[in-house]
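Novice: If it helps, the file is called upload.txt and holds compact mmCIF, C-alpha atoms and all ligand atoms:
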```txt
# COMPACT_ATOMS: atom_id res chain seq x y z
CA MET B 239 14.12 -32.27 -1.68
CA THR B 240 14.93 -28.74 -2.67
CA VAL B 241 12.38 -26.55 -4.37
CA SER B 242 13.64 -23.57 -6.27
CA ALA B 243 11.20 -20.75 -5.73
CA LEU B 244 10.94 -17.28 -7.17
CA THR B 245 11.17 -14.49 -4.58
CA ILE B 246 8.41 -11.89 -4.80
CA ALA B 247 7.97 -8.84 -2.58
CA VAL B 248 4.40 -8.14 -1.51
CA ASP B 249 3.47 -5.04 0.47
CA ASP B 250 0.00 -6.17 1.43
CA GLY B 251 -1.58 -2.96 2.65
CA SER B 252 -5.11 -2.66 3.90
CA THR B 253 -6.43 -1.05 0.71
CA ASN B 254 -3.95 -2.05 -2.01
CA VAL B 255 -1.45 -4.87 -2.44
CA LYS B 256 1.79 -3.77 -4.09
CA VAL B 257 3.82 -6.54 -5.74
CA SER B 258 7.39 -6.25 -7.06
CA TRP B 259 9.44 -8.92 -8.79
CA ILE B 260 12.32 -9.27 -11.18
CA GLU B 261 11.62 -10.53 -14.66
CA ASN B 262 14.23 -10.58 -17.43
CA ASN B 263 16.54 -8.52 -15.23
CA GLN B 264 13.95 -5.82 -14.82
CA LEU B 265 12.12 -4.72 -11.71
CA LYS B 266 8.37 -4.87 -12.24
CA THR B 267 5.62 -3.59 -9.99
CA ILE B 268 1.84 -3.84 -9.88
CA VAL B 269 -0.80 -2.38 -7.56
CA SER B 270 -3.82 -4.58 -6.89
CA PRO B 271 -6.79 -3.00 -5.05
CA ASN B 272 -8.53 -5.01 -2.31
CA SER B 273 -12.21 -5.48 -3.04
CA PHE B 274 -13.62 -8.86 -2.12
CA ARG B 275 -17.08 -10.00 -1.14
CA LYS B 276 -18.63 -13.23 0.06
CA ASP B 277 -20.05 -15.82 -2.38
CA TRP B 278 -19.16 -16.32 -6.01
CA LYS B 279 -19.73 -14.26 -9.13
CA SER B 280 -21.46 -15.75 -12.14
CA ALA B 281 -19.46 -16.32 -15.29
CA ALA B 282 -18.59 -13.13 -17.15
CA LEU B 283 -20.51 -12.23 -20.28
CA ARG B 284 -17.43 -11.02 -22.05
CA ARG B 285 -14.77 -13.60 -22.66
CA ASP B 286 -11.91 -11.21 -21.94
CA LYS B 287 -13.23 -10.52 -18.43
CA LYS B 288 -11.86 -12.97 -15.94
CA VAL B 289 -13.87 -14.04 -12.89
CA TYR B 290 -11.95 -14.80 -9.70
CA ASN B 291 -13.94 -17.12 -7.44
CA TYR B 292 -12.04 -18.42 -4.41
CA THR B 293 -12.67 -20.93 -1.63
CA ILE B 294 -10.99 -20.91 1.76
CA GLY B 295 -12.12 -23.79 3.97
CA THR B 296 -15.85 -23.82 3.32
CA THR B 297 -16.23 -20.09 2.66
CA LYS B 298 -16.61 -18.73 -0.85
CA TYR B 299 -15.26 -15.33 -1.87
CA THR B 300 -15.02 -13.37 -5.10
CA TYR B 301 -13.10 -10.36 -6.38
CA ASP B 302 -15.59 -7.57 -7.05
CA ALA B 303 -14.08 -4.15 -7.82
CA THR B 304 -17.24 -2.12 -7.58
CA SER B 305 -19.32 -3.97 -5.00
CA ASP B 306 -20.77 -1.97 -2.14
CA LYS B 307 -20.68 -5.21 -0.15
CA ALA B 308 -16.90 -5.34 -0.26
CA LEU B 309 -15.51 -6.75 2.97
CA GLU B 310 -13.57 -4.48 5.30
CA THR B 311 -9.83 -4.93 5.10
CA THR B 312 -8.96 -1.96 7.22
CA HIS B 313 -8.73 -3.53 10.67
CA VAL B 314 -5.57 -4.94 12.25
CA ASP B 315 -6.90 -8.52 12.25
CA TYR B 316 -6.88 -8.29 8.45
CA GLN B 317 -3.16 -9.03 8.65
CA TYR B 318 -3.90 -12.54 9.87
CA ASP B 319 -7.22 -13.52 8.29
CA ASP B 320 -8.90 -14.93 5.14
CA LEU B 321 -8.99 -11.57 3.39
CA ASN B 322 -5.25 -11.14 3.60
CA LEU B 323 -4.71 -14.61 2.14
CA LEU B 324 -7.15 -13.72 -0.65
CA ALA B 325 -5.62 -10.31 -1.32
CA VAL B 326 -2.11 -11.70 -1.63
CA HIS B 327 -3.07 -14.60 -3.93
CA HIS B 328 -5.24 -12.32 -6.05
CA ALA B 329 -2.42 -9.80 -6.41
CA LEU B 330 0.04 -12.55 -7.42
CA LEU B 331 -2.32 -13.57 -10.22
CA GLN B 332 -2.25 -9.98 -11.52
CA THR B 333 1.50 -10.18 -12.19
CA GLY B 334 0.92 -12.14 -15.37
CA LEU B 335 3.51 -14.69 -14.24
CA GLU B 336 2.69 -18.38 -14.65
CA PRO B 337 1.62 -19.71 -11.23
CA CYS B 338 4.66 -21.40 -9.66
CA ALA B 339 6.38 -21.98 -6.33
CA VAL B 340 7.18 -18.65 -4.67
CA THR B 341 8.90 -17.30 -1.58
CA LEU B 342 7.20 -14.13 -0.43
CA VAL B 343 8.52 -11.14 1.44
CA VAL B 344 5.45 -9.53 3.02
CA THR B 345 4.85 -6.67 5.43
CA LEU B 346 3.27 -6.04 8.82
CA PRO B 347 2.32 -2.62 10.21
CA ILE B 348 5.36 -1.40 12.10
CA THR B 349 3.58 -1.50 15.45
CA GLU B 350 2.61 -5.15 14.86
CA PHE B 351 6.14 -6.07 13.77
CA TYR B 352 7.90 -4.44 16.72
CA ASN B 353 6.86 -4.34 20.36
CA SER B 354 6.31 -0.65 20.85
CA GLU B 355 7.86 -0.61 24.35
CA ASP B 356 11.31 -1.89 23.38
CA CYS B 357 11.40 -1.99 19.55
CA GLN B 358 12.12 -5.74 19.59
CA ARG B 359 10.62 -8.03 16.94
CA ASN B 360 7.22 -9.40 17.87
CA GLU B 361 7.93 -13.02 16.91
CA GLU B 362 4.41 -14.13 17.73
CA ASN B 363 2.80 -11.74 15.26
CA ILE B 364 5.41 -12.50 12.62
CA GLU B 365 4.80 -16.24 12.89
CA LYS B 366 1.01 -15.73 12.86
CA LYS B 367 1.26 -13.83 9.59
CA ARG B 368 3.57 -16.45 8.04
CA GLN B 369 1.26 -19.32 8.95
CA ASN B 370 -1.80 -17.47 7.68
CA LEU B 371 -0.29 -17.06 4.23
CA MET B 372 0.70 -20.70 3.90
CA ARG B 373 -2.89 -21.90 4.36
CA GLU B 374 -4.92 -23.74 1.72
CA ILE B 375 -6.93 -21.71 -0.75
CA ALA B 376 -8.48 -22.68 -4.09
CA LEU B 377 -9.38 -20.76 -7.24
CA ASN B 378 -12.34 -22.08 -9.17
CA LYS B 379 -11.28 -23.10 -12.67
CA GLY B 380 -7.76 -21.86 -12.20
CA GLU B 381 -4.38 -22.34 -10.67
CA LEU B 382 -2.83 -20.38 -7.81
CA PHE B 383 0.75 -19.68 -6.82
CA ASN B 384 2.23 -22.13 -4.33
CA ILE B 385 3.57 -20.12 -1.39
CA VAL B 386 6.41 -22.25 -0.02
CA ASP B 387 7.94 -19.76 2.38
CA VAL B 388 7.16 -16.34 3.82
CA GLN B 389 9.47 -13.70 5.26
CA VAL B 390 7.99 -10.76 7.12
CA MET B 391 9.31 -7.19 7.15
CA PRO B 392 7.97 -4.07 8.89
CA GLU B 393 6.03 -1.41 6.97
CA SER B 394 7.40 2.08 6.33
CA VAL B 395 11.11 2.09 7.28
CA PRO B 396 12.52 -0.38 4.67
CA ALA B 397 10.97 1.80 1.93
CA VAL B 398 13.95 4.14 2.18
CA LEU B 399 16.70 1.48 2.26
CA SER B 400 18.46 2.44 -0.97
CA THR B 401 17.76 6.15 -0.52
CA LEU B 402 19.53 6.08 2.84
CA MET B 403 22.40 3.95 1.57
CA ASN B 404 23.05 6.52 -1.17
CA SER B 405 22.60 9.60 0.96
CA SER B 406 25.95 9.80 2.77
CA CYS B 407 24.42 9.96 6.21
CA ASN B 408 26.57 9.23 9.26
CA GLU B 409 25.88 6.92 12.19
CA PHE B 410 24.18 9.71 14.13
CA THR B 411 21.76 10.78 11.42
CA ARG B 412 18.16 10.36 12.50
CA SER B 413 15.73 9.87 9.65
CA LEU B 414 11.99 10.01 10.14
CA VAL B 415 10.05 7.81 7.71
CA VAL B 416 6.36 8.65 7.34
CA ASP B 417 4.10 6.12 5.57
CA CYS B 418 0.67 7.58 4.86
CA GLY B 419 -1.44 4.70 3.54
CA GLY B 420 -5.08 4.13 2.78
CA THR B 421 -6.17 3.78 6.39
CA THR B 422 -3.15 4.07 8.62
CA LEU B 423 -0.24 6.32 9.40
CA ASP B 424 2.97 4.43 10.20
CA MET B 425 6.17 6.15 11.27
CA GLY B 426 9.62 5.05 12.33
CA VAL B 427 12.91 6.70 13.19
CA VAL B 428 15.96 5.12 11.60
CA VAL B 429 19.41 5.79 12.98
CA GLY B 430 22.34 5.96 10.54
CA GLU B 431 22.20 3.66 7.53
CA PHE B 432 19.79 1.30 9.25
CA ASP B 433 21.99 0.74 12.27
CA ASP B 434 18.92 0.88 14.43
CA VAL B 435 15.18 1.59 14.44
CA SER B 436 14.85 3.78 17.50
CA ALA B 437 11.11 4.44 17.73
CA VAL B 438 7.90 3.31 16.06
CA TYR B 439 4.42 4.81 15.79
CA GLY B 440 1.12 3.64 14.32
CA ASN B 441 -2.23 5.40 14.04
CA LYS B 442 -5.29 3.65 12.61
CA GLU B 443 -7.34 6.83 12.39
CA ILE B 444 -5.25 8.82 9.94
CA GLY B 445 -5.08 7.86 6.27
CA VAL B 446 -6.12 8.77 2.73
CA SER B 447 -9.56 7.26 3.42
CA MET B 448 -10.42 10.50 5.28
CA VAL B 449 -10.20 12.23 1.90
CA THR B 450 -11.85 9.36 0.03
CA ASP B 451 -14.86 9.43 2.38
CA ALA B 452 -15.23 13.20 1.96
CA ALA B 453 -15.01 12.86 -1.83
CA ARG B 454 -17.67 10.12 -1.86
CA LYS B 455 -20.00 12.20 0.28
CA ALA B 456 -19.53 15.28 -1.89
CA LEU B 457 -20.13 13.21 -5.03
CA ALA B 458 -23.26 11.64 -3.60
CA SER B 459 -24.73 15.06 -2.88
CA ALA B 460 -24.18 15.93 -6.57
CA ASP B 461 -26.13 12.88 -7.74
CA SER B 462 -22.92 11.06 -8.58
CA ASP B 463 -22.58 8.09 -6.21
CA ALA B 464 -19.15 6.59 -6.58
CA SER B 465 -17.22 3.55 -5.38
CA TYR B 466 -14.00 3.89 -3.41
CA LEU B 467 -12.02 3.24 -6.57
CA VAL B 468 -13.68 6.08 -8.47
CA ALA B 469 -13.43 8.48 -5.52
CA ASN B 470 -9.71 7.68 -5.18
CA GLU B 471 -9.19 8.24 -8.88
CA LEU B 472 -10.91 11.61 -8.59
CA ILE B 473 -8.57 12.61 -5.76
CA LYS B 474 -5.53 11.68 -7.85
CA ARG B 475 -6.84 13.39 -10.99
CA ARG B 476 -8.55 16.38 -9.38
CA ASN B 477 -6.63 18.76 -11.66
CA ASP B 478 -7.70 16.94 -14.83
CA MET B 479 -10.95 18.74 -15.69
CA ASP B 480 -11.97 16.26 -18.40
CA PHE B 481 -11.84 13.46 -15.88
CA VAL B 482 -13.67 15.51 -13.24
CA ARG B 483 -16.53 16.25 -15.66
CA GLU B 484 -16.73 12.55 -16.49
CA VAL B 485 -17.31 11.64 -12.86
CA VAL B 486 -19.52 14.50 -11.66
CA ASN B 487 -23.03 14.38 -13.13
CA ASP B 488 -24.17 17.76 -11.82
CA GLU B 489 -21.55 20.12 -13.29
CA SER B 490 -22.71 23.07 -11.22
CA GLN B 491 -21.33 21.19 -8.17
CA ILE B 492 -17.78 20.72 -9.49
CA ASP B 493 -16.26 23.69 -7.64
CA THR B 494 -17.92 22.70 -4.37
CA ILE B 495 -16.71 19.12 -4.68
CA LEU B 496 -13.14 20.11 -5.50
CA THR B 497 -13.05 22.57 -2.61
CA LYS B 498 -14.28 19.89 -0.21
CA ILE B 499 -11.57 17.52 -1.43
CA GLU B 500 -8.88 20.19 -1.13
CA ASN B 501 -10.00 21.03 2.41
CA LYS B 502 -9.84 17.39 3.46
CA ILE B 503 -6.37 17.01 1.93
CA ASN B 504 -5.23 19.99 4.01
CA GLU B 505 -6.84 18.48 7.10
CA LEU B 506 -5.03 15.19 6.47
CA GLY B 507 -1.75 17.07 5.99
CA SER B 508 -2.20 18.99 9.24
CA ALA B 509 -3.08 15.83 11.16
CA VAL B 510 -0.02 13.97 9.87
CA ALA B 511 2.27 16.96 10.47
CA HIS B 512 0.96 17.32 14.01
CA GLU B 513 1.52 13.64 14.84
CA ALA B 514 4.92 13.64 13.16
CA LYS B 515 6.10 16.64 15.16
CA LYS B 516 4.90 15.03 18.38
CA PHE B 517 6.67 11.77 17.50
CA ALA B 518 9.94 13.20 16.16
CA LYS B 519 10.46 16.88 16.84
CA ASN B 520 13.84 17.43 15.25
CA PRO B 521 14.94 14.61 12.94
CA ASN B 522 17.77 15.26 10.45
CA ARG B 523 15.75 14.06 7.48
CA VAL B 524 12.13 13.26 6.70
CA TYR B 525 11.10 10.74 4.03
CA LEU B 526 7.52 10.40 2.80
CA VAL B 527 6.19 7.10 1.41
CA GLY B 528 2.79 5.41 0.91
CA GLY B 529 -0.06 6.34 -1.43
CA GLY B 530 -0.87 9.51 0.51
CA ALA B 531 2.68 10.91 0.47
CA SER B 532 2.12 13.49 -2.26
CA LEU B 533 -1.03 14.73 -0.51
CA ILE B 534 0.76 15.45 2.77
CA TYR B 535 4.07 16.68 1.29
CA PRO B 536 3.24 20.45 1.47
CA ALA B 537 2.16 20.17 5.12
CA LEU B 538 5.36 18.34 6.10
CA LEU B 539 7.58 20.75 4.20
CA ASP B 540 5.96 23.46 6.25
CA ALA B 541 6.18 21.62 9.58
CA TYR B 542 9.88 20.85 9.07
CA SER B 543 10.70 24.06 7.22
CA THR B 544 14.26 24.28 8.57
CA LEU B 545 15.11 20.97 6.86
CA GLY B 546 14.32 22.37 3.40
CA ASP B 547 15.08 19.76 0.73
CA ARG B 548 15.86 17.19 3.39
CA VAL B 549 12.10 16.60 3.49
CA VAL B 550 11.91 14.11 0.64
CA LEU B 551 8.91 12.78 -1.27
CA ILE B 552 9.97 9.32 -2.52
CA ASN B 553 9.23 8.65 -6.22
CA ASP B 554 6.21 6.43 -6.88
CA SER B 555 5.66 6.56 -3.16
CA GLN B 556 2.82 4.03 -3.08
CA SER B 557 4.95 1.13 -4.30
CA ALA B 558 8.29 2.25 -2.82
CA LEU B 559 8.20 -0.33 -0.04
CA ALA B 560 7.51 -3.28 -2.37
CA ARG B 561 10.26 -2.18 -4.77
CA GLU B 562 12.83 -1.78 -2.02
CA LEU B 563 11.97 -5.12 -0.44
CA CYS B 564 12.30 -6.79 -3.82
CA MET B 565 15.71 -5.25 -4.52
CA TYR B 566 16.91 -5.99 -1.02
CA HIS B 567 15.99 -9.66 -1.25
CA ALA B 568 17.02 -10.19 -4.87
CA ASP B 569 19.80 -12.74 -5.26
CA GLU B 570 21.79 -11.02 -7.96
CA ALA B 571 22.25 -7.28 -7.83
CA THR B 572 22.85 -6.97 -11.55
CA PHE B 573 19.39 -6.28 -12.85
CA ASP B 574 18.37 -3.11 -14.53
CA VAL B 575 16.04 -1.12 -12.29
CA SER B 576 15.44 1.75 -14.60
CA PRO B 577 13.27 2.42 -16.45
CA GLU B 578 10.82 0.85 -14.09
CA THR B 579 7.73 -0.85 -15.40
CA LEU B 580 4.54 -0.12 -13.55
CA VAL B 581 1.95 -2.47 -14.97
CA GLU B 582 -1.60 -1.18 -14.72
CA VAL B 583 -4.15 -3.58 -13.24
CA ALA B 584 -7.64 -3.47 -14.69
CA ASP B 585 -10.46 -2.66 -12.29
CA ASP B 586 -12.54 -5.64 -13.23
N1 LIG X 601 -0.64 9.75 -6.55
C1 LIG X 601 -1.59 9.66 -5.63
N2 LIG X 601 -2.28 10.75 -5.23
C2 LIG X 601 -3.24 10.67 -4.30
N3 LIG X 601 -3.62 9.54 -3.70
C3 LIG X 601 -2.99 8.42 -4.06
C4 LIG X 601 -1.94 8.40 -5.04
N4 LIG X 601 -1.50 7.12 -5.19
C5 LIG X 601 -2.24 6.38 -4.34
N5 LIG X 601 -3.14 7.14 -3.66
C6 LIG X 601 -4.11 6.71 -2.66
O1 LIG X 601 -3.42 6.13 -1.58
C7 LIG X 601 -4.21 5.14 -0.96
C8 LIG X 601 -3.49 3.83 -0.88
O2 LIG X 601 -2.20 3.99 -0.39
P1 LIG X 601 -1.35 2.71 0.02
O3 LIG X 601 -1.36 1.72 -1.08
O4 LIG X 601 -0.07 3.19 0.52
O5 LIG X 601 -2.26 2.17 1.22
P2 LIG X 601 -2.24 0.74 1.93
O6 LIG X 601 -0.83 0.29 2.05
O7 LIG X 601 -3.20 -0.17 1.27
O8 LIG X 601 -2.86 1.14 3.32
P3 LIG X 601 -2.25 1.01 4.80
O9 LIG X 601 -0.78 1.26 4.71
O10 LIG X 601 -3.00 2.07 5.53
O11 LIG X 601 -2.60 -0.36 5.24
C9 LIG X 601 -5.45 4.99 -1.82
O12 LIG X 601 -6.49 5.72 -1.21
C10 LIG X 601 -5.02 5.60 -3.13
O13 LIG X 601 -6.11 6.11 -3.86
MG MG X 602 0.73 0.49 3.43
```
Now that the file is in, can you turn its structure into structure tokens?
Specialist:
Amino acid sequence: MTVSALTIAVDDGSTNVKVSWIENNQLKTIVSPNSFRKDWKSAALRRDKKVYNYTIGTTKYTYDATSDKALETTHVDYQYDDLNLLAVHHALLQTGLEPCAVTLVVTLPITEFYNSEDCQRNEENIEKKRQNLMREIALNKGELFNIVDVQVMPESVPAVLSTLMNSSCNEFTRSLVVDCGGTTLDMGVVVGEFDDVSAVYGNKEIGVSMVTDAARKALASADSDASYLVANELIKRRNDMDFVREVVNDESQIDTILTKIENKINELGSAVAHEAKKFAKNPNRVYLVGGGASLIYPALLDAYSTLGDRVVLINDSQSALARELCMYHADEATFDVSPETLVEVADD
């Protein structure tokens, strides 16, 4: 029996799942935040609010955007556990597609995908991730996508596939790809147009969450306790004073809060630049991807100042990997990729 399945690219990061697919010849992308807790939610009061109650084995979970009991998804085991299965299914439901049979292209942190000693594929980890995503899961009063097959790709480096292919590099060009995500920093060195991945690096201590934590602390001390989602939104929209006033209750604290955020962004930039320089001292190009890319861009421009405009901030850096994986695995190369549609996902 042959099953025809739609191919969907899913960059299932520790804080946000990015999903890209092709619909009516157009590349579409959504970002679905991870925020799950144990047990179920009661039915919503408003009819337009959907409740997502899941069961895996005998354990009940629910999607809860603002819960302070949200389960941690920022450890490596997340890649192979219940929460990953939940996050991927939940994100698929946010695409607005009718649940159907799908083949997924998912990601593993680069240091899980490759053995760091010899840069060979870690088949054991890859198979573990595949099997985890093909497990049984149920949605109360609803239908889920049927995952019939899973392919696994490494994080960071594939995000620059088309950029590299269009950049007239030669077989000796060494490109450093830096993926600054919610909780981890992943880096890889690509030789030529993907002739080889020559080195990989992963650091679980460096990520945007350093800035998020500082923002939450600063907000709390101004009587404005905030969830991760709100703190992240404040970081993104720190130059939008209307938004800042909306979030900060004690207005006299606004300058202090913004300064604390700016300092942490600089600290993150310095930390990434330092690690990048240690890992790849003199690459020919540097590409920045991941949600934190725009935050660290000034620091990397500075650290690799001789490269000038060969330090590149990839457009819509957070979803770059999902988009590239989708285009790379798409059957027909005839779809229209621009203008891109980034569909907003509601918080609740
Ligand atoms: N334009 C932006 N400016 C600042 N921060 C942003 C922007 N876009 C996304 N972020 C932040 O980036 C973080 C998420 O990035 P990303 O989706 O790459 O992480 P992830 O893949 O879930 O994490 P990891 O790769 O560490 O597992 C969030 O903290 C989010 O608020
Ligand atoms: Mg990521």
Novice: Rounded to one decimal place, report the atom MG of ligand MG 602 (chain X)-CA of Ile552 in chain B distance in Å.
Specialist: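 Computing the Euclidean distance for atom MG of ligand MG 602 (chain X) and CA of Ile552 in chain B yields 14.1 Å.
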Novice: Considering all atoms listed in the file, can you say which of B:Gly251, B:Gly546, B:Pro536, B:Gly430 comes closest to ligand MG 602 (chain X)?
Specialist: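 Checking each candidate against ligand MG 602 (chain X), we get B:Gly251 as the closest.
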Novice: Please measure the separation of CA of Leu346 in chain B and CA of Pro392 in chain B, giving the value in Å to one decimal.
Specialist: 5.1 Å
Novice: Write out as JSON, numbers by chain each polymer residue (protein, DNA or RNA) that has an atom no more than 6 Å from ligand LIG 601 (chain X), with only C-alpha atoms and all ligand atoms counted.
Specialist: {"B": [251, 252, 253, 254, 419, 420, 421, 422, 446, 447, 470, 473, 474, 528, 529, 530, 532, 533, 556]}
Novice: Go through B:Asn291, B:Ser354, B:Thr411, B:Ser270 and flag the residue nearest Leu382 in chain B, using all atoms listed in the file for the distances.
Specialist: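 Of all the options, B:Asn291 lies closest to Leu382 in chain B.
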Novice: Would you work out the distance separating CA of Met372 in chain B from CA of Asp387 in chain B, expressed in Å to one decimal?
Specialist: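 According to the coordinates, CA of Met372 in chain B and CA of Asp387 in chain B are separated by 7.5 Å.
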Novice: May I have the residues within 12 Å of Ser555 in chain B as a list in words, using all atoms listed in the file and disregarding those fewer than 5 positions away in the same chain?
Specialist: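 In the requested format, the answer is Lys256, Val269, Ser394, Ala397, Val398, Val415, Val416, Asp417, Cys418, Gly419, Tyr525, Leu526, Val527, Gly528, Gly529, Gly530, Ala531, Ser532, Leu533, Ile534, Tyr535, Val550, Ala560, Arg561 and Glu562 of chain B.
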Novice: For the selection you just gave me, I'd like the residues written to a file as a PDB file, keeping the file's coordinate frame, keeping C-alpha atoms.
Specialist:
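And here's again39.pdb as it stands now:
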```
ATOM      1  CA  LYS B 256       1.790  -3.770  -4.090  1.00  0.00           C
ATOM      2  CA  VAL B 269      -0.800  -2.380  -7.560  1.00  0.00           C
ATOM      3  CA  SER B 394       7.400   2.080   6.330  1.00  0.00           C
ATOM      4  CA  ALA B 397      10.970   1.800   1.930  1.00  0.00           C
ATOM      5  CA  VAL B 398      13.950   4.140   2.180  1.00  0.00           C
ATOM      6  CA  VAL B 415      10.050   7.810   7.710  1.00  0.00           C
ATOM      7  CA  VAL B 416       6.360   8.650   7.340  1.00  0.00           C
ATOM      8  CA  ASP B 417       4.100   6.120   5.570  1.00  0.00           C
ATOM      9  CA  CYS B 418       0.670   7.580   4.860  1.00  0.00           C
ATOM     10  CA  GLY B 419      -1.440   4.700   3.540  1.00  0.00           C
ATOM     11  CA  TYR B 525      11.100  10.740   4.030  1.00  0.00           C
ATOM     12  CA  LEU B 526       7.520  10.400   2.800  1.00  0.00           C
ATOM     13  CA  VAL B 527       6.190   7.100   1.410  1.00  0.00           C
ATOM     14  CA  GLY B 528       2.790   5.410   0.910  1.00  0.00           C
ATOM     15  CA  GLY B 529      -0.060   6.340  -1.430  1.00  0.00           C
ATOM     16  CA  GLY B 530      -0.870   9.510   0.510  1.00  0.00           C
ATOM     17  CA  ALA B 531       2.680  10.910   0.470  1.00  0.00           C
ATOM     18  CA  SER B 532       2.120  13.490  -2.260  1.00  0.00           C
ATOM     19  CA  LEU B 533      -1.030  14.730  -0.510  1.00  0.00           C
ATOM     20  CA  ILE B 534       0.760  15.450   2.770  1.00  0.00           C
ATOM     21  CA  TYR B 535       4.070  16.680   1.290  1.00  0.00           C
ATOM     22  CA  VAL B 550      11.910  14.110   0.640  1.00  0.00           C
ATOM     23  CA  ALA B 560       7.510  -3.280  -2.370  1.00  0.00           C
ATOM     24  CA  ARG B 561      10.260  -2.180  -4.770  1.00  0.00           C
ATOM     25  CA  GLU B 562      12.830  -1.780  -2.020  1.00  0.00           C
TER      26      GLU B 562
END
```
Novice: Please identify all polymer residues within 7 Å of Leu371 in chain B, counting only C-alpha atoms, omitting same-chain residues fewer than 3 positions from it, and present them as a VMD selection string.
Specialist: chain B and resid 323 367 to 368
Novice: Using only C-alpha atoms and all ligand atoms, which residue out of B:Val449, B:Leu342, B:Cys564, B:Ile348 lies closest to ligand MG 602 (chain X)?
Specialist: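 Going through B:Val449, B:Leu342, B:Cys564, B:Ile348 one by one, the smallest distance to ligand MG 602 (chain X) is for B:Ile348.
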Novice: Rank B:Glu336, B:Leu472, B:Val257, B:Thr401 by their smallest atom-to-atom distance to ligand MG 602 (chain X), using all atoms listed in the file, and report the top residue only.
Specialist: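 Checking each candidate against ligand MG 602 (chain X), we get B:Val257 as the closest.
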Novice: Under the rule that all atoms listed in the file are counted, which of B:Thr312, B:Asn487, B:Ser462, B:Asn477 is the nearest residue to ligand MG 602 (chain X)?
Specialist: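 Closest candidate: B:Thr312.
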Novice: Go through B:Met565, B:Val510, B:Arg523, B:Leu377 and flag the residue nearest Asp547 in chain B, using all atoms listed in the file for the distances.
Specialist: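 The answer is B:Arg523, which sits nearest to Asp547 in chain B.
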Novice: Can you complete the atoms of range 383-398 of chain B to N, CA and C atoms and list them as a PDB file, in the coordinates of the input?
Specialist:
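So the final result, stored in out_6.pdb, reads:
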```
ATOM      1  N   PHE B 383      -0.669 -19.555  -7.152  1.00  0.00           N
ATOM      2  CA  PHE B 383       0.750 -19.680  -6.820  1.00  0.00           C
ATOM      3  C   PHE B 383       0.874 -20.560  -5.568  1.00  0.00           C
ATOM      4  N   ASN B 384       1.976 -21.282  -5.488  1.00  0.00           N
ATOM      5  CA  ASN B 384       2.230 -22.130  -4.330  1.00  0.00           C
ATOM      6  C   ASN B 384       3.227 -21.401  -3.421  1.00  0.00           C
ATOM      7  N   ILE B 385       2.715 -20.888  -2.299  1.00  0.00           N
ATOM      8  CA  ILE B 385       3.570 -20.120  -1.390  1.00  0.00           C
ATOM      9  C   ILE B 385       4.340 -21.095  -0.511  1.00  0.00           C
ATOM     10  N   VAL B 386       5.643 -21.249  -0.772  1.00  0.00           N
ATOM     11  CA  VAL B 386       6.410 -22.250  -0.020  1.00  0.00           C
ATOM     12  C   VAL B 386       7.101 -21.667   1.208  1.00  0.00           C
ATOM     13  N   ASP B 387       7.342 -20.363   1.180  1.00  0.00           N
ATOM     14  CA  ASP B 387       7.940 -19.760   2.380  1.00  0.00           C
ATOM     15  C   ASP B 387       7.560 -18.281   2.424  1.00  0.00           C
ATOM     16  N   VAL B 388       7.550 -17.742   3.637  1.00  0.00           N
ATOM     17  CA  VAL B 388       7.160 -16.340   3.820  1.00  0.00           C
ATOM     18  C   VAL B 388       8.136 -15.671   4.773  1.00  0.00           C
ATOM     19  N   GLN B 389       8.671 -14.535   4.351  1.00  0.00           N
ATOM     20  CA  GLN B 389       9.470 -13.700   5.260  1.00  0.00           C
ATOM     21  C   GLN B 389       8.664 -12.445   5.536  1.00  0.00           C
ATOM     22  N   VAL B 390       8.802 -11.931   6.750  1.00  0.00           N
ATOM     23  CA  VAL B 390       7.990 -10.760   7.120  1.00  0.00           C
ATOM     24  C   VAL B 390       8.918  -9.583   7.429  1.00  0.00           C
ATOM     25  N   MET B 391       8.546  -8.424   6.904  1.00  0.00           N
ATOM     26  CA  MET B 391       9.310  -7.190   7.150  1.00  0.00           C
ATOM     27  C   MET B 391       8.351  -6.124   7.693  1.00  0.00           C
ATOM     28  N   PRO B 392       8.866  -5.116   8.388  1.00  0.00           N
ATOM     29  CA  PRO B 392       7.970  -4.070   8.890  1.00  0.00           C
ATOM     30  C   PRO B 392       7.579  -3.087   7.779  1.00  0.00           C
ATOM     31  N   GLU B 393       6.424  -2.447   7.926  1.00  0.00           N
ATOM     32  CA  GLU B 393       6.030  -1.410   6.970  1.00  0.00           C
ATOM     33  C   GLU B 393       6.852  -0.143   7.226  1.00  0.00           C
ATOM     34  N   SER B 394       6.776   0.732   6.331  1.00  0.00           N
ATOM     35  CA  SER B 394       7.400   2.080   6.330  1.00  0.00           C
ATOM     36  C   SER B 394       8.925   2.078   6.231  1.00  0.00           C
ATOM     37  N   VAL B 395       9.665   1.804   7.321  1.00  0.00           N
ATOM     38  CA  VAL B 395      11.110   2.090   7.280  1.00  0.00           C
ATOM     39  C   VAL B 395      11.906   1.453   6.131  1.00  0.00           C
ATOM     40  N   PRO B 396      11.668   0.167   5.747  1.00  0.00           N
ATOM     41  CA  PRO B 396      12.520  -0.380   4.670  1.00  0.00           C
ATOM     42  C   PRO B 396      12.309   0.331   3.338  1.00  0.00           C
ATOM     43  N   ALA B 397      11.249   1.113   3.202  1.00  0.00           N
ATOM     44  CA  ALA B 397      10.970   1.800   1.930  1.00  0.00           C
ATOM     45  C   ALA B 397      12.074   2.773   1.543  1.00  0.00           C
ATOM     46  N   VAL B 398      12.903   3.159   2.516  1.00  0.00           N
ATOM     47  CA  VAL B 398      13.950   4.140   2.180  1.00  0.00           C
ATOM     48  C   VAL B 398      15.349   3.512   2.212  1.00  0.00           C
TER      49      VAL B 398
END
```
